[in-house]
file model-v1.cif (mmCIF, C-alpha atoms)
data_upload
#
loop_
_atom_site.label_atom_id
_atom_site.label_comp_id
_atom_site.auth_asym_id
_atom_site.auth_seq_id
_atom_site.Cartn_x
_atom_site.Cartn_y
_atom_site.Cartn_z
CA MET J 27 0.00 0.00 0.00
CA GLU J 28 2.89 2.32 0.75
CA ASP J 29 3.94 2.86 -2.85
CA ILE J 30 0.49 3.94 -4.13
CA SER J 31 -0.42 6.33 -1.31
CA GLY J 32 0.86 9.37 -3.20
CA ALA J 33 -1.25 8.52 -6.23
CA LEU J 34 -4.33 8.02 -4.02
CA ALA J 35 -3.89 11.48 -2.50
CA LEU J 36 -3.65 12.96 -5.99
CA ILE J 37 -6.88 11.24 -7.04
CA GLY J 38 -8.53 12.45 -3.85
CA TYR J 39 -7.54 16.01 -4.59
CA GLY J 40 -8.82 15.69 -8.14
CA LEU J 41 -12.19 14.48 -6.84
CA ALA J 42 -12.29 17.29 -4.30
CA ALA J 43 -11.78 19.84 -7.07
CA ILE J 44 -14.75 18.72 -9.21
CA GLY J 45 -17.56 20.16 -7.10
CA PRO J 46 -15.98 23.55 -6.37
CA GLY J 47 -14.96 23.81 -10.04
CA ILE J 48 -18.58 23.49 -11.13
CA GLY J 49 -19.70 25.74 -8.28
CA ILE J 50 -17.30 28.56 -9.11
CA GLY J 51 -18.37 28.32 -12.73
CA ILE J 52 -22.01 28.76 -11.75
CA VAL J 53 -21.21 31.66 -9.39
CA ALA J 54 -19.06 33.53 -11.91
CA GLY J 55 -21.40 32.84 -14.82
CA ASN J 56 -24.43 34.13 -12.98
CA ALA J 57 -22.47 37.15 -11.74
CA VAL J 58 -21.53 38.03 -15.33
CA GLN J 59 -25.15 37.65 -16.34
CA ALA J 60 -26.29 39.89 -13.48
CA MET J 61 -23.69 42.53 -14.35
CA ALA J 62 -24.72 42.46 -18.01
CA ARG J 63 -28.40 42.87 -17.15
CA GLN J 64 -27.86 45.58 -14.58
CA PRO J 65 -24.48 47.30 -15.03
CA GLU J 66 -25.21 49.87 -12.29
CA ALA J 67 -25.29 47.05 -9.71
CA ALA J 68 -21.91 45.72 -10.87
CA GLY J 69 -20.03 46.77 -7.71
CA MET J 70 -22.41 45.00 -5.38
CA VAL J 71 -22.56 41.93 -7.60
CA ARG J 72 -18.77 41.75 -7.74
CA THR J 73 -18.41 41.84 -3.94
CA THR J 74 -21.05 39.13 -3.56
CA MET J 75 -19.41 37.10 -6.32
CA PHE J 76 -16.06 37.16 -4.51
CA LEU J 77 -17.81 36.07 -1.31
CA GLY J 78 -19.52 33.20 -3.10
CA ILE J 79 -16.31 32.14 -4.82
CA ALA J 80 -14.43 32.28 -1.51
CA PHE J 81 -16.96 30.02 0.19
CA THR J 82 -17.07 27.56 -2.71
CA GLU J 83 -13.33 27.50 -3.20
CA ALA J 84 -12.74 26.52 0.44
CA LEU J 85 -13.76 22.92 -0.29
CA ALA J 86 -11.18 22.51 -3.04
CA LEU J 87 -8.53 24.08 -0.85
CA ILE J 88 -9.30 21.73 2.04
CA GLY J 89 -8.79 18.89 -0.44
CA PHE J 90 -5.48 20.44 -1.44
CA VAL J 91 -4.33 20.63 2.18
CA LEU J 92 -5.42 17.04 2.85
CA PHE J 93 -3.28 16.04 -0.13
CA PHE J 94 -0.26 17.28 1.81
CA ILE J 95 -1.36 15.73 5.10
CA ALA J 96 -2.16 12.30 3.59
CA MET K 24 21.11 13.14 -12.37
CA ILE K 25 18.46 15.83 -12.82
CA TRP K 26 15.98 14.88 -10.13
CA ALA K 27 17.75 13.47 -7.11
CA ALA K 28 16.12 11.93 -4.06
CA SER K 29 17.14 13.76 -0.92
CA ALA K 30 19.08 10.82 0.55
CA GLU K 31 21.87 10.96 -2.04
CA CYS K 32 21.23 14.54 -3.13
CA ASP K 33 23.97 17.11 -2.78
CA PRO K 34 22.49 20.63 -3.03
CA ALA K 35 25.84 22.01 -4.17
CA HIS K 36 25.96 19.58 -7.08
CA ASP K 37 22.38 18.73 -8.08
CA ILE K 38 20.19 21.64 -9.07
CA ILE K 39 17.04 20.30 -7.45
CA CYS K 40 16.70 17.88 -4.58
CA THR K 41 13.29 16.31 -4.04
CA PRO K 42 12.43 16.27 -0.35
CA GLU K 43 12.29 12.92 1.35
CA PHE K 44 8.95 13.74 2.98
CA VAL K 45 6.50 16.30 1.74
CA ASN K 46 6.56 17.93 5.18
CA GLU K 47 10.12 19.05 4.53
CA LEU K 48 8.60 21.66 2.25
CA PHE K 49 7.15 23.33 5.34
CA GLU K 50 10.25 23.37 7.49
CA THR K 51 12.11 26.63 7.81
CA HIS K 52 15.67 26.59 9.04
CA THR K 53 16.73 28.61 12.03
CA ILE K 54 18.80 31.66 11.15
CA PHE K 55 19.84 32.77 14.63
CA SER K 56 18.71 32.44 18.25
CA ILE K 57 17.91 35.16 20.78
CA GLY K 58 17.80 33.96 24.38
CA GLY K 59 16.45 30.50 23.58
CA PHE K 60 14.05 31.69 20.84
CA ASP K 61 14.96 30.40 17.41
CA VAL K 62 14.37 32.99 14.73
CA ASN K 63 13.73 31.66 11.23
CA ARG K 64 13.14 33.26 7.88
CA ALA K 65 9.37 33.40 8.23
CA MET K 66 9.66 35.36 11.49
CA VAL K 67 12.14 37.85 10.06
CA LEU K 68 9.86 38.41 7.07
CA MET K 69 6.84 38.70 9.35
CA PHE K 70 8.44 41.59 11.23
CA LEU K 71 9.55 43.07 7.91
CA ALA K 72 5.96 42.95 6.63
CA ALA K 73 4.68 44.62 9.80
CA PHE K 74 7.31 47.36 9.59
CA ILE K 75 6.59 47.93 5.89
CA ALA K 76 2.88 48.28 6.65
CA ILE K 77 3.57 50.74 9.48
CA GLY K 78 6.14 52.59 7.38
CA LEU K 79 3.80 52.97 4.40
CA LEU K 80 1.07 54.50 6.54
CA TRP K 81 3.57 56.64 8.48
CA PHE K 82 5.16 58.17 5.41
CA ALA K 83 1.83 58.67 3.64
CA PHE K 84 0.00 60.36 6.52
CA ARG K 85 2.86 61.82 8.59
CA LYS K 86 1.70 65.36 8.02
CA PRO K 87 -1.68 66.16 6.50
CA ARG K 88 -1.44 67.88 3.15
CA VAL K 89 -4.12 69.77 1.24
CA VAL K 90 -2.77 68.37 -2.02
CA PRO K 91 -1.36 64.89 -1.33
CA THR K 92 1.75 63.62 -3.03
CA LYS K 93 1.44 60.81 -5.58
CA PHE K 94 2.40 58.26 -2.93
CA GLY K 95 -0.01 59.82 -0.44
CA ALA K 96 -2.84 59.71 -2.99
CA ALA K 97 -2.14 56.04 -3.72
CA MET K 98 -2.20 55.17 -0.02
CA GLU K 99 -5.36 57.22 0.41
CA ALA K 100 -6.97 55.15 -2.33
CA VAL K 101 -6.04 51.91 -0.52
CA VAL K 102 -7.19 53.17 2.88
CA GLY K 103 -10.36 54.63 1.37
CA PHE K 104 -11.11 51.34 -0.38
CA VAL K 105 -10.85 49.36 2.86
CA ARG K 106 -12.91 51.96 4.75
CA ASP K 107 -15.70 52.54 2.22
CA GLU K 108 -15.97 49.19 0.45
CA ILE K 109 -15.19 46.79 3.28
CA ALA K 110 -15.67 48.41 6.70
CA ILE K 111 -18.67 50.68 6.00
CA GLY K 112 -19.89 48.87 2.88
CA ILE K 113 -20.25 45.49 4.60
CA ILE K 114 -20.75 46.21 8.30
CA GLY K 115 -22.69 49.46 7.92
CA PRO K 116 -22.17 52.88 9.53
CA THR K 117 -20.92 51.32 12.78
CA GLY K 118 -18.25 49.53 10.76
CA ILE K 119 -15.88 52.46 11.18
CA LYS K 120 -15.05 51.06 14.63
CA TYR K 121 -13.55 47.93 13.06
CA PHE K 122 -11.80 49.82 10.27
CA PRO K 123 -8.36 50.00 12.00
CA TYR K 124 -8.31 46.25 12.49
CA LEU K 125 -9.45 45.55 8.93
CA LEU K 126 -6.88 47.94 7.48
CA SER K 127 -4.10 46.35 9.57
CA ILE K 128 -4.84 42.79 8.47
CA PHE K 129 -5.38 43.90 4.87
CA LEU K 130 -1.98 45.59 4.62
CA PHE K 131 -0.16 42.87 6.57
CA ILE K 132 -1.61 40.03 4.48
CA LEU K 133 -1.12 41.96 1.24
CA ILE K 134 2.55 42.60 1.96
CA GLY K 135 3.04 39.06 3.24
CA ASN K 136 1.46 37.68 0.05
CA LEU K 137 3.46 39.96 -2.21
CA PHE K 138 6.69 38.59 -0.71
CA GLU K 139 5.90 35.57 -2.89
CA VAL K 140 6.56 37.55 -6.07
CA THR K 141 9.27 39.82 -4.67
CA PRO K 142 12.58 38.91 -6.28
CA PHE K 143 15.20 37.52 -3.85
CA ILE K 144 12.57 36.93 -1.15
CA ASN K 145 10.17 34.65 -3.04
CA PHE K 146 8.57 33.37 0.11
CA PRO K 147 4.99 34.22 1.11
CA ILE K 148 4.86 34.30 4.90
CA THR K 149 1.15 33.48 4.75
CA SER K 150 2.09 30.05 3.39
CA ARG K 151 3.06 29.01 6.93
CA MET K 152 -0.13 27.90 8.68
CA ALA K 153 0.71 29.68 11.96
CA ILE K 154 0.26 33.16 10.51
CA PRO K 155 -3.14 32.78 8.75
CA LEU K 156 -4.37 30.69 11.67
CA PHE K 157 -3.43 33.35 14.19
CA LEU K 158 -5.00 36.11 12.09
CA SER K 159 -8.20 34.10 11.69
CA LEU K 160 -8.29 33.38 15.44
CA VAL K 161 -8.11 37.14 16.10
CA THR K 162 -11.06 37.64 13.75
CA TYR K 163 -12.85 34.76 15.49
CA LEU K 164 -12.27 36.34 18.89
CA ILE K 165 -13.55 39.69 17.64
CA PHE K 166 -16.75 38.38 16.09
CA VAL K 167 -17.62 36.11 19.01
CA VAL K 168 -16.93 38.80 21.62
CA VAL K 169 -18.82 41.43 19.59
CA GLY K 170 -21.73 39.03 19.13
CA PHE K 171 -22.09 38.40 22.86
CA ALA K 172 -21.44 42.05 23.76
CA LYS K 173 -24.03 43.43 21.32
CA ASN K 174 -26.77 40.81 21.69
CA GLY K 175 -26.05 39.04 24.97
CA LEU K 176 -27.00 35.38 25.13
CA HIS K 177 -29.47 35.96 22.32
CA TYR K 178 -26.53 35.81 19.90
CA PHE K 179 -25.93 32.19 20.86
CA THR K 180 -29.57 31.11 21.00
CA ALA K 181 -30.28 32.70 17.59
CA ILE K 182 -27.62 30.43 16.13
CA VAL K 183 -28.51 27.13 17.82
CA TRP K 184 -32.32 27.70 17.85
CA PRO K 185 -33.09 29.78 14.74
CA LYS K 186 -36.57 31.31 14.90
CA SER K 187 -36.97 31.60 11.11
CA VAL K 188 -36.91 27.81 10.65
CA PRO K 189 -39.85 25.39 11.27
CA VAL K 190 -39.70 23.92 14.79
CA ALA K 191 -39.14 20.35 13.60
CA LEU K 192 -36.02 21.35 11.70
CA ARG K 193 -34.56 23.64 14.36
CA PRO K 194 -32.33 21.06 16.14
CA LEU K 195 -30.79 19.95 12.85
CA VAL K 196 -30.26 23.47 11.50
CA GLY K 197 -29.02 24.55 14.92
CA VAL K 198 -26.29 21.90 14.98
CA ILE K 199 -25.23 22.73 11.42
CA GLU K 200 -25.20 26.46 12.17
CA PHE K 201 -23.26 25.93 15.40
CA VAL K 202 -20.57 23.84 13.70
CA SER K 203 -20.32 26.14 10.70
CA THR K 204 -20.17 29.33 12.78
CA PHE K 205 -17.86 28.34 15.59
CA LEU K 206 -15.69 25.60 14.06
CA ILE K 207 -15.69 25.77 10.26
CA ARG K 208 -15.47 29.56 9.93
CA PRO K 209 -12.08 30.17 11.56
CA LEU K 210 -10.67 27.02 9.97
CA THR K 211 -11.71 27.81 6.40
CA LEU K 212 -10.70 31.45 6.79
CA ALA K 213 -7.17 30.34 7.65
CA VAL K 214 -6.99 27.40 5.23
CA ARG K 215 -8.19 29.50 2.28
CA LEU K 216 -5.34 31.97 2.59
CA PHE K 217 -2.76 29.31 3.46
CA ALA K 218 -3.67 26.89 0.67
CA ASN K 219 -3.87 29.55 -2.02
CA LEU K 220 -0.41 30.79 -1.20
CA VAL K 221 1.11 27.31 -0.84
CA ALA K 222 -0.41 26.27 -4.16
CA GLY K 223 0.99 29.33 -5.89
CA HIS K 224 4.39 28.94 -4.28
CA VAL K 225 4.68 25.25 -5.20
CA MET K 226 3.47 25.90 -8.74
CA LEU K 227 5.97 28.73 -9.28
CA THR K 228 8.79 26.67 -7.84
CA LEU K 229 8.02 23.63 -9.98
CA LEU K 230 7.60 25.51 -13.26
CA LEU K 231 10.54 27.89 -12.91
CA ALA K 232 12.82 25.19 -11.48
CA SER K 233 12.01 22.69 -14.21
CA GLY K 234 12.73 25.40 -16.74
CA VAL K 235 16.10 26.01 -15.14
CA VAL K 236 16.85 22.28 -14.92
CA PHE K 237 16.15 21.69 -18.60
CA ILE K 238 18.16 24.69 -19.75
CA ALA K 239 21.08 23.95 -17.41
CA HIS K 240 21.41 20.41 -18.81
CA VAL K 241 21.54 21.56 -22.43
CA GLY K 242 24.92 19.84 -22.83
CA GLU K 243 23.54 16.40 -21.98
CA ILE K 244 20.13 16.42 -23.63
CA GLY K 245 20.79 18.72 -26.60
CA ALA K 246 17.86 20.26 -28.47
CA ARG K 247 15.32 18.80 -26.05
CA ALA K 248 16.44 21.48 -23.58
CA THR K 249 14.18 23.96 -25.42
CA ILE K 250 11.25 22.40 -23.51
CA GLY K 251 12.70 24.33 -20.57
CA LEU K 252 11.87 27.62 -22.30
CA GLY K 253 8.23 26.58 -22.42
CA TRP K 254 8.21 25.73 -18.72
CA PHE K 255 9.89 29.02 -17.93
CA ALA K 256 7.39 30.99 -20.01
CA LEU K 257 4.48 29.24 -18.31
CA GLY K 258 6.12 29.99 -14.95
CA MET K 259 6.33 33.69 -15.82
CA ALA K 260 2.63 33.69 -16.79
CA ILE K 261 1.75 32.08 -13.46
CA PHE K 262 4.00 34.71 -11.81
CA LEU K 263 1.68 37.47 -13.08
CA PHE K 264 -1.34 35.43 -12.03
CA GLU K 265 0.11 35.09 -8.53
CA ILE K 266 0.22 38.89 -8.15
CA VAL K 267 -3.55 38.90 -8.77
CA VAL K 268 -3.99 36.02 -6.31
CA ALA K 269 -1.98 37.88 -3.65
CA LEU K 270 -4.21 40.96 -4.00
CA LEU K 271 -7.40 38.93 -4.18
CA GLN K 272 -6.65 36.76 -1.15
CA ALA K 273 -5.80 39.77 1.01
CA TYR K 274 -9.10 41.33 -0.12
CA ILE K 275 -11.09 38.16 0.51
CA PHE K 276 -9.62 37.59 3.99
CA THR K 277 -10.49 41.16 4.97
CA LEU K 278 -13.90 40.95 3.31
CA LEU K 279 -14.80 37.72 5.10
CA SER K 280 -13.59 39.13 8.43
CA ALA K 281 -15.93 42.06 7.85
CA VAL K 282 -18.80 39.75 6.89
CA TYR K 283 -18.31 37.63 10.02
CA ILE K 284 -18.22 40.72 12.21
CA GLN K 285 -21.33 42.00 10.44
CA THR K 286 -23.25 38.79 11.23
CA SER K 287 -22.40 39.35 14.90
CA VAL K 288 -23.42 43.01 14.89
CA HIS K 289 -26.73 42.36 13.12
CA PRO K 290 -27.44 38.65 13.73
CA GLU K 291 -30.90 38.60 12.12
CA HIS K 292 -29.61 38.82 8.56
#

call {"tool": "encode", "arguments": {"input": "model-v1.cif", "output": "structure tokens"}}
result
Amino acid sequence: MEDISGALALIGYGLAAIGPGIGIGIVAGNAVQAMARQPEAAGMVRTTMFLGIAFTEALALIGFVLFFIA
Amino acid sequence: MIWAASAECDPAHDIICTPEFVNELFETHTIFSIGGFDVNRAMVLMFLAAFIAIGLLWFAFRKPRVVPTKFGAAMEAVVGFVRDEIAIGIIGPTGIKYFPYLLSIFLFILIGNLFEVTPFINFPITSRMAIPLFLSLVTYLIFVVVGFAKNGLHYFTAIVWPKSVPVALRPLVGVIEFVSTFLIRPLTLAVRLFANLVAGHVMLTLLLASGVVFIAHVGEIGARATIGLGWFALGMAIFLFEIVVALLQAYIFTLLSAVYIQTSVHPEH
């Protein structure tokens, strides 16, 4: 088992990145749509978009850290 | 040998030594000791970052000018951004009380992050877990203390027994809210900053170092060494990207600190 543990951690990180990848895509896509529909609200939308991205991204980053711990 | 395992690797001879354990990436060697305290590179850079932050503000606002200098105007833009967009924009009019703290962490994290792309330093201090963890624990302390000070015990009961949820679901939502507020929040706040900077640092190191390795061994591998130029070019592109990441992560850490404080000041929304 010892010699494949590194590869397993890599696969685990890859799996952990799928969900946040889709999530960030949805957040950014909808933010672009909102900014295009209502350009005067762009500042507020951008702040909220960064918040949403930060929360979504956390899951991928936890996976990244676990890759080092494993 | 291009890639040498650390056991038989001689740093003076081989260009790159792979660490024996991945944890060796996170060890910083002691530079000197003061009275039993070992001082390493991260600590020196931490003090440097703090002094740069203090120095920037000191030189920009030492004496008030009617017409600010170019440097003063630039610093005013940074300070005004943190005050208007983050402190007052997120927390509301009472947010001005938390503005000094938010400005301090913003400047400290920004300078610490930018050490990653500073030539000859190339080491983000926020990529050592102790620093983001400590900063996030300070934010944690502030938002918990403010929550109890502003709302009394109601702050806690509103989290574990939310009134806006049907009674049958309240225990479940309460447990989730409790864990996410008091355990997950400080952890993710620290891990987000830490992992972003570690990822960038590792990526830069790998790309630029593999470029150097390929080009340095041009005598042995001949024309194939041109692959190294590609790696180096990609590394330089990531280098620019990392400047954006450094700015963005400092902004996001400060923004989330403000959002967490805001949920304690006005817990109902």

call {"tool": "residues_around", "arguments": {"input": "model-v1.cif", "residues": "stretch 281-283 of chain K", "least_positions_apart": "2", "cutoff": "7 Å", "atoms": "only C-alpha atoms", "output": "ChimeraX atom specification"}}
result
/K:109-110,113-114,166,277-279,285-287

call {"tool": "resolve_selection", "arguments": {"input": "model-v1.cif", "expression": "the PyMOL selection byres ((chain J) within 7 of (chain K))", "output": "ChimeraX atom specification"}}
result
/J:84,87-88,91,94

call {"tool": "residues_around", "arguments": {"input": "model-v1.cif", "residues": "stretch 247-251 of chain K", "least_positions_apart": "4", "cutoff": "6 Å", "atoms": "only C-alpha atoms", "output": "ChimeraX atom specification"}}
result
/K:234,237-238,241

call {"tool": "resolve_selection", "arguments": {"input": "model-v1.cif", "expression": "the PyMOL selection byres ((chain J and resi 40) around 12)", "output": "PyMOL selection string"}}
result
chain J and resi 33-39+41-47+85-90+92-93

call {"tool": "write_last_selection", "arguments": {"input": "model-v1.cif", "atoms": "C-alpha atoms", "output": "PDB file, keeping the file's coordinate frame"}}
result
ATOM      1  CA  ALA J  33      -1.250   8.520  -6.230  1.00  0.00           C
ATOM      2  CA  LEU J  34      -4.330   8.020  -4.020  1.00  0.00           C
ATOM      3  CA  ALA J  35      -3.890  11.480  -2.500  1.00  0.00           C
ATOM      4  CA  LEU J  36      -3.650  12.960  -5.990  1.00  0.00           C
ATOM      5  CA  ILE J  37      -6.880  11.240  -7.040  1.00  0.00           C
ATOM      6  CA  GLY J  38      -8.530  12.450  -3.850  1.00  0.00           C
ATOM      7  CA  TYR J  39      -7.540  16.010  -4.590  1.00  0.00           C
ATOM      8  CA  LEU J  41     -12.190  14.480  -6.840  1.00  0.00           C
ATOM      9  CA  ALA J  42     -12.290  17.290  -4.300  1.00  0.00           C
ATOM     10  CA  ALA J  43     -11.780  19.840  -7.070  1.00  0.00           C
ATOM     11  CA  ILE J  44     -14.750  18.720  -9.210  1.00  0.00           C
ATOM     12  CA  GLY J  45     -17.560  20.160  -7.100  1.00  0.00           C
ATOM     13  CA  PRO J  46     -15.980  23.550  -6.370  1.00  0.00           C
ATOM     14  CA  GLY J  47     -14.960  23.810 -10.040  1.00  0.00           C
ATOM     15  CA  LEU J  85     -13.760  22.920  -0.290  1.00  0.00           C
ATOM     16  CA  ALA J  86     -11.180  22.510  -3.040  1.00  0.00           C
ATOM     17  CA  LEU J  87      -8.530  24.080  -0.850  1.00  0.00           C
ATOM     18  CA  ILE J  88      -9.300  21.730   2.040  1.00  0.00           C
ATOM     19  CA  GLY J  89      -8.790  18.890  -0.440  1.00  0.00           C
ATOM     20  CA  PHE J  90      -5.480  20.440  -1.440  1.00  0.00           C
ATOM     21  CA  LEU J  92      -5.420  17.040   2.850  1.00  0.00           C
ATOM     22  CA  PHE J  93      -3.280  16.040  -0.130  1.00  0.00           C
TER      23      PHE J  93
END

call {"tool": "resolve_selection", "arguments": {"input": "model-v1.cif", "expression": "the PyMOL selection byres ((chain K and resi 184) around 9)", "output": "list of chain:residue names"}}
result
K:Phe179, K:Thr180, K:Ala181, K:Ile182, K:Val183, K:Pro185, K:Lys186, K:Val188, K:Val190, K:Arg193, K:Pro194, K:Val196, K:Gly197, K:Val198

call {"tool": "atom_distance", "arguments": {"input": "model-v1.cif", "atom1": "atom CA of K:Leu126", "atom2": "atom CA of K:Val105"}}
result
6.3 Å

call {"tool": "atom_distance", "arguments": {"input": "model-v1.cif", "atom1": "atom CA of J:Ala54", "atom2": "atom CA of J:Glu83"}}
result
12.0 Å

call {"tool": "atom_distance", "arguments": {"input": "model-v1.cif", "atom1": "atom CA of K:Val235", "atom2": "atom CA of K:Ala256"}}
result
11.2 Å

call {"tool": "residues_around", "arguments": {"input": "model-v1.cif", "residues": "J:Met75", "least_positions_apart": "5", "cutoff": "10 Å", "atoms": "only C-alpha atoms", "output": "list in words"}}
result
Ile50, Val53, Ala54, Gly55, Asn56, Ala57, Val58, Gly69, Met70, Ala80 and Phe81 of chain J

call {"tool": "closest_residue", "arguments": {"input": "model-v1.cif", "among": "J:Leu77, J:Ala67, J:Ile95, J:Met61", "to": "K:Ser280", "atoms": "all atoms listed in the file"}}
result
J:Leu77

call {"tool": "axis_aligned_box", "arguments": {"input": "model-v1.cif", "around": "stretch 53-57 of chain J", "padding_each_side": "3 Å", "output": "lines of an AutoDock Vina configuration file"}}
result
center_x = -21.7
center_y = 34.4
center_z = -12.1
size_x = 11.4
size_y = 11.5
size_z = 11.4

call {"tool": "residues_around", "arguments": {"input": "model-v1.cif", "residues": "K:Val168", "least_positions_apart": "3", "cutoff": "12 Å", "atoms": "only C-alpha atoms", "output": "list in words"}}
result
Leu160, Val161, Thr162, Tyr163, Leu164, Ile165, Phe171, Ala172, Lys173, Asn174, Gly175, Leu176, Tyr178, Phe179, Tyr283, Ile284, Ser287 and Val288 of chain K
